[in-house]
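Pasted below: entry_5.cif, mmCIF, C-alpha atoms.
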data_query
#
loop_
_atom_site.label_atom_id
_atom_site.label_comp_id
_atom_site.auth_asym_id
_atom_site.auth_seq_id
_atom_site.Cartn_x
_atom_site.Cartn_y
_atom_site.Cartn_z
CA MET A 1 -63.28 -9.60 17.27
CA GLN A 2 -59.72 -10.42 16.27
CA GLN A 3 -58.06 -13.43 17.84
CA LYS A 4 -54.41 -13.04 18.81
CA ILE A 5 -52.86 -16.48 19.18
CA VAL A 6 -49.42 -16.87 20.76
CA PHE A 7 -47.05 -19.80 20.42
CA ILE A 8 -44.76 -20.24 23.41
CA GLY A 9 -42.06 -22.76 24.19
CA GLY A 10 -38.37 -23.02 24.60
CA PRO A 11 -36.05 -22.85 21.63
CA GLY A 12 -36.22 -25.61 19.04
CA THR A 13 -39.74 -26.84 19.79
CA GLY A 14 -41.23 -26.31 16.32
CA LYS A 15 -43.03 -22.98 16.77
CA SER A 16 -41.45 -21.32 13.74
CA SER A 17 -42.11 -24.33 11.48
CA VAL A 18 -45.79 -24.29 12.39
CA LEU A 19 -45.92 -20.54 11.87
CA ARG A 20 -44.38 -20.86 8.39
CA TYR A 21 -46.96 -23.53 7.51
CA LEU A 22 -49.82 -21.28 8.64
CA LYS A 23 -48.39 -18.31 6.75
CA ARG A 24 -48.24 -20.34 3.52
CA ARG A 25 -51.95 -20.97 4.01
CA GLY A 26 -52.76 -17.28 4.17
CA TYR A 27 -52.82 -16.61 7.90
CA LYS A 28 -51.32 -13.43 9.33
CA CYS A 29 -48.22 -14.48 11.26
CA MET A 30 -45.81 -12.46 13.35
CA PRO A 31 -42.35 -14.08 13.36
CA GLU A 32 -39.96 -14.42 16.28
CA ILE A 33 -37.89 -11.26 16.41
CA SER A 34 -35.09 -12.37 18.71
CA ARG A 35 -33.13 -13.81 15.78
CA GLU A 36 -33.27 -10.44 14.04
CA VAL A 37 -32.07 -8.62 17.18
CA THR A 38 -29.30 -11.20 17.64
CA ARG A 39 -28.15 -10.91 14.00
CA GLU A 40 -28.10 -7.11 14.19
CA ALA A 41 -25.91 -7.29 17.30
CA GLN A 42 -23.61 -9.87 15.66
CA GLU A 43 -23.15 -7.52 12.70
CA LYS A 44 -21.89 -4.97 15.26
CA GLY A 45 -19.47 -7.53 16.72
CA ILE A 46 -21.54 -8.61 19.73
CA GLU A 47 -21.80 -12.40 19.55
CA GLN A 48 -24.68 -12.85 22.04
CA LEU A 49 -26.30 -9.57 23.07
CA PHE A 50 -28.64 -11.37 25.45
CA LEU A 51 -25.69 -12.77 27.38
CA THR A 52 -23.67 -9.54 27.44
CA GLU A 53 -26.50 -7.00 27.88
CA PRO A 54 -29.68 -8.91 28.71
CA LEU A 55 -31.72 -5.85 29.62
CA LEU A 56 -30.86 -3.98 26.39
CA PHE A 57 -31.65 -7.10 24.36
CA SER A 58 -34.94 -7.52 26.23
CA TYR A 59 -35.95 -3.91 25.70
CA LYS A 60 -35.38 -4.38 21.96
CA LEU A 61 -37.57 -7.49 22.05
CA LEU A 62 -40.26 -5.77 24.08
CA GLU A 63 -40.33 -2.87 21.63
CA GLY A 64 -40.50 -5.22 18.64
CA ARG A 65 -43.25 -7.37 20.11
CA GLU A 66 -45.30 -4.32 21.04
CA LYS A 67 -44.99 -3.13 17.41
CA GLN A 68 -46.14 -6.56 16.21
CA TYR A 69 -49.15 -6.42 18.52
CA LEU A 70 -50.13 -2.96 17.25
CA GLU A 71 -49.56 -4.04 13.65
CA ALA A 72 -51.93 -6.96 14.23
CA ASP A 73 -54.55 -4.49 15.52
CA LYS A 74 -54.37 -2.66 12.19
CA SER A 75 -54.80 -5.88 10.23
CA ASN A 76 -58.18 -6.88 8.87
CA LYS A 77 -57.40 -10.54 9.60
CA LYS A 78 -59.66 -12.29 12.11
CA VAL A 79 -56.81 -14.46 13.40
CA VAL A 80 -53.19 -13.43 13.92
CA PHE A 81 -50.50 -15.85 15.10
CA PHE A 82 -47.44 -14.74 17.08
CA ASP A 83 -44.17 -16.63 17.52
CA ARG A 84 -43.89 -15.65 21.20
CA GLY A 85 -45.64 -12.78 22.88
CA ILE A 86 -44.80 -9.85 25.10
CA PRO A 87 -44.76 -11.92 28.35
CA SER A 88 -42.09 -14.18 26.82
CA VAL A 89 -39.55 -11.39 27.31
CA GLN A 90 -40.23 -11.39 31.04
CA ALA A 91 -40.02 -15.20 31.15
CA TYR A 92 -36.52 -15.20 29.64
CA LEU A 93 -35.36 -12.55 32.08
CA GLU A 94 -36.71 -14.66 34.93
CA TYR A 95 -34.95 -17.73 33.50
CA PHE A 96 -31.64 -15.84 33.60
CA ASN A 97 -32.39 -14.39 37.07
CA THR A 98 -32.13 -10.88 35.64
CA GLU A 99 -33.94 -8.13 37.48
CA PHE A 100 -36.12 -6.03 35.24
CA PRO A 101 -38.17 -2.86 35.53
CA GLU A 102 -41.91 -2.96 36.12
CA ASP A 103 -42.39 -1.89 32.46
CA PHE A 104 -42.12 -5.50 31.35
CA THR A 105 -44.92 -6.72 33.61
CA LYS A 106 -47.10 -3.70 32.82
CA LYS A 107 -46.78 -4.32 29.07
CA SER A 108 -47.65 -7.99 29.60
CA GLU A 109 -50.79 -6.96 31.46
CA GLN A 110 -51.69 -4.20 28.98
CA TYR A 111 -51.42 -6.23 25.78
CA ARG A 112 -53.58 -9.33 26.11
CA TYR A 113 -53.76 -12.31 23.78
CA THR A 114 -56.71 -14.59 23.04
CA LYS A 115 -55.09 -18.01 23.34
CA ILE A 116 -51.71 -19.44 24.25
CA PHE A 117 -50.37 -22.65 22.71
CA GLN A 118 -47.28 -24.15 24.29
CA PHE A 119 -44.82 -26.24 22.32
CA LEU A 120 -43.05 -28.49 24.80
CA PRO A 121 -39.37 -29.46 24.48
CA TRP A 122 -39.01 -32.26 21.95
CA GLU A 123 -35.52 -33.71 21.78
CA LYS A 124 -36.19 -35.42 18.44
CA ILE A 125 -36.49 -32.09 16.60
CA TYR A 126 -34.22 -29.89 18.73
CA ARG A 127 -31.27 -28.30 16.87
CA SER A 128 -28.86 -25.55 17.90
CA ASP A 129 -27.50 -22.97 15.46
CA ASN A 130 -25.80 -19.55 15.33
CA GLU A 131 -28.66 -17.78 17.09
CA ARG A 132 -29.88 -20.68 19.24
CA TYR A 133 -27.14 -21.34 21.75
CA GLU A 134 -29.18 -23.07 24.48
CA THR A 135 -28.78 -26.75 25.25
CA PHE A 136 -31.80 -29.02 25.27
CA GLU A 137 -31.72 -29.04 29.09
CA GLN A 138 -31.79 -25.25 29.12
CA ALA A 139 -34.66 -25.30 26.62
CA LYS A 140 -36.67 -27.40 29.10
CA LYS A 141 -36.06 -24.89 31.89
CA ILE A 142 -36.98 -21.99 29.62
CA SER A 143 -40.20 -23.80 28.75
CA SER A 144 -41.07 -24.01 32.45
CA CYS A 145 -40.41 -20.28 32.93
CA LEU A 146 -42.60 -19.44 29.96
CA HIS A 147 -45.43 -21.58 31.30
CA LYS A 148 -45.19 -19.96 34.73
CA VAL A 149 -45.20 -16.36 33.48
CA TYR A 150 -48.20 -16.89 31.18
CA ALA A 151 -50.09 -18.87 33.83
CA ASP A 152 -49.38 -16.16 36.42
CA LEU A 153 -50.95 -13.66 34.01
CA GLY A 154 -54.13 -15.75 34.01
CA TYR A 155 -53.79 -17.45 30.65
CA GLU A 156 -55.05 -20.96 30.02
CA ILE A 157 -52.23 -22.76 28.23
CA ILE A 158 -52.94 -25.40 25.61
CA ASN A 159 -50.13 -27.92 24.99
CA VAL A 160 -49.49 -28.72 21.34
CA PRO A 161 -48.98 -32.47 20.82
CA PHE A 162 -45.78 -33.92 19.36
CA ASP A 163 -46.74 -34.60 15.76
CA SER A 164 -46.04 -33.51 12.20
CA VAL A 165 -46.09 -29.80 11.40
CA ARG A 166 -49.32 -30.26 9.45
CA ASN A 167 -51.06 -32.14 12.27
CA ARG A 168 -49.89 -29.60 14.83
CA CYS A 169 -51.44 -26.86 12.68
CA TYR A 170 -54.71 -28.76 12.46
CA PHE A 171 -54.70 -29.20 16.23
CA ILE A 172 -54.23 -25.46 16.73
CA LEU A 173 -56.83 -24.45 14.16
CA ASN A 174 -59.35 -26.87 15.69
CA ASN A 175 -58.76 -25.29 19.12
CA ILE A 176 -59.29 -21.62 18.26
#

Once you've parsed the file, please lay out its structure as structure tokens.
Amino acid sequence: MQQKIVFIGGPGTGKSSVLRYLKRRGYKCMPEISREVTREAQEKGIEQLFLTEPLLFSYKLLEGREKQYLEADKSNKKVVFFDRGIPSVQAYLEYFNTEFPEDFTKKSEQYRYTKIFQFLPWEKIYRSDNERYETFEQAKKISSCLHKVYADLGYEIINVPFDSVRNRCYFILNNI
């Protein structure tokens, strides 16, 4: 049976770095798609689609993450890693106190993952950039929302220790 492993955490916690490391070692990895959605909107003159049209942005994320999940199903890989999962969309909407249709919760219940690893806010490595506009304090609050949504869906959440990218990868691989 295929294992679908999700990395959750606020922005700038090291999820993407760990994912890149695992990908270089031959693992199937599904990247974070919010940067792609943000860049596409910026090319159309919308600086932060999530801030101007959070529901549209979230639908685009939901659609993209569902595609990733289905793509993983078609893969012959025994382990697939995801930089955020379907429930993460709901968590961000909750963080921004944005009402959302039941579709989001239904998709989170329909598409289940094997394990959830949470990357906690780590000020030492946090950086903002063109697509990451949140402050470190906001990243901590987002992290709490992510934890709550996944826990409410019945997932056991494993916290990834603060360490080098390599050691974080070893920790994850030893816990799947």

Just want the 12 Å neighbourhood of range 50-64 of chain A, counted on all atoms listed in the file, with same-chain residues fewer than 5 positions away dropped. Output as a VMD selection string. chain A and resid 30 to 42 45 69 to 71 82 84 to 101 103 to 108 111 131 to 134

From A:Ile5, A:Val165, A:Val160, A:Ile125, residue lying nearest Tyr27 in chain A [all atoms listed in the file]: A:Ile5

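Distances from A:Ile172, A:Leu22, A:Ala72, A:Met1 to Gln118 in chain A were compared using all atoms listed in the file, and the smallest one belongs to A:Ile172.
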
Tell me, in Å to one decimal, how far CA of Ser143 in chain A is from CA of Asp73 in chain A.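 Going from CA of Ser143 in chain A over to CA of Asp73 in chain A covers 27.5 Å.
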
Residues matched by the PyMOL selection byres ((chain A and resi 164) around 12) as number ranges by chain: A: 13-15, 17-18, 21, 124-125, 160-163, 165-171

Residue subset to file, keeping C-alpha atoms, as a short mmCIF file (atom, residue, chain, number, x, y, z; two decimals), in the frame of the given file:
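Final output, saved to result-v3.cif:
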data_model
loop_
_atom_site.label_atom_id
_atom_site.label_comp_id
_atom_site.auth_asym_id
_atom_site.auth_seq_id
_atom_site.Cartn_x
_atom_site.Cartn_y
_atom_site.Cartn_z
CA THR A 13 -39.74 -26.84 19.79
CA GLY A 14 -41.23 -26.31 16.32
CA LYS A 15 -43.03 -22.98 16.77
CA SER A 17 -42.11 -24.33 11.48
CA VAL A 18 -45.79 -24.29 12.39
CA TYR A 21 -46.96 -23.53 7.51
CA LYS A 124 -36.19 -35.42 18.44
CA ILE A 125 -36.49 -32.09 16.60
CA VAL A 160 -49.49 -28.72 21.34
CA PRO A 161 -48.98 -32.47 20.82
CA PHE A 162 -45.78 -33.92 19.36
CA ASP A 163 -46.74 -34.60 15.76
CA VAL A 165 -46.09 -29.80 11.40
CA ARG A 166 -49.32 -30.26 9.45
CA ASN A 167 -51.06 -32.14 12.27
CA ARG A 168 -49.89 -29.60 14.83
CA CYS A 169 -51.44 -26.86 12.68
CA TYR A 170 -54.71 -28.76 12.46
CA PHE A 171 -54.70 -29.20 16.23
#

Quick one: distance from CA of Leu173 in chain A to CA of Gly12 in chain A in Å, one decimal? 21.2 Å

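The shortest atom-to-atom distance to Gln2 in chain A, with all atoms listed in the file taken into account, belongs to A:Ile176 out of A:Leu146, A:Ile176, A:Gln110, A:Gln48.
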
Shortest interatomic distance to Cys29 in chain A - which of A:Asn159, A:Thr135, A:Ser144, A:Ser75, counting only C-alpha atoms: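 Nearest to Cys29 in chain A: A:Ser75.
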
Best match for closeness to Phe117 in chain A among A:Arg65, A:Lys74, A:His147, A:Lys28, counting only C-alpha atoms: A:His147

Apply the PyMOL selection byres ((chain A and resi 10) around 8) to the displayed file and report the matching residues as a ChimeraX atom specification. /A:8-9,11-13,119-121,139-143,146

Selection from above, C-alpha atoms, as a CSV table (one decimal), in the coordinates of the input, can you write it?
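The result, written out as result26.csv:
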chain,number,residue,atom,x,y,z
A,8,ILE,CA,-44.8,-20.2,23.4
A,9,GLY,CA,-42.1,-22.8,24.2
A,11,PRO,CA,-36.0,-22.8,21.6
A,12,GLY,CA,-36.2,-25.6,19.0
A,13,THR,CA,-39.7,-26.8,19.8
A,119,PHE,CA,-44.8,-26.2,22.3
A,120,LEU,CA,-43.0,-28.5,24.8
A,121,PRO,CA,-39.4,-29.5,24.5
A,139,ALA,CA,-34.7,-25.3,26.6
A,140,LYS,CA,-36.7,-27.4,29.1
A,141,LYS,CA,-36.1,-24.9,31.9
A,142,ILE,CA,-37.0,-22.0,29.6
A,143,SER,CA,-40.2,-23.8,28.8
A,146,LEU,CA,-42.6,-19.4,30.0

Using all atoms listed in the file, find the one residue out of A:Tyr155, A:Ile116, A:Tyr150, A:Phe81 that sits nearest to Ser16 in chain A.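 Comparing A:Tyr155, A:Ile116, A:Tyr150, A:Phe81 against Ser16 in chain A, the winner is A:Phe81.
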
Could you check how far CA of Glu102 in chain A sits from CA of Asp152 in chain A, in Å to one decimal?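 Interatomic distance, CA of Glu102 in chain A to CA of Asp152 in chain A: 15.2 Å.
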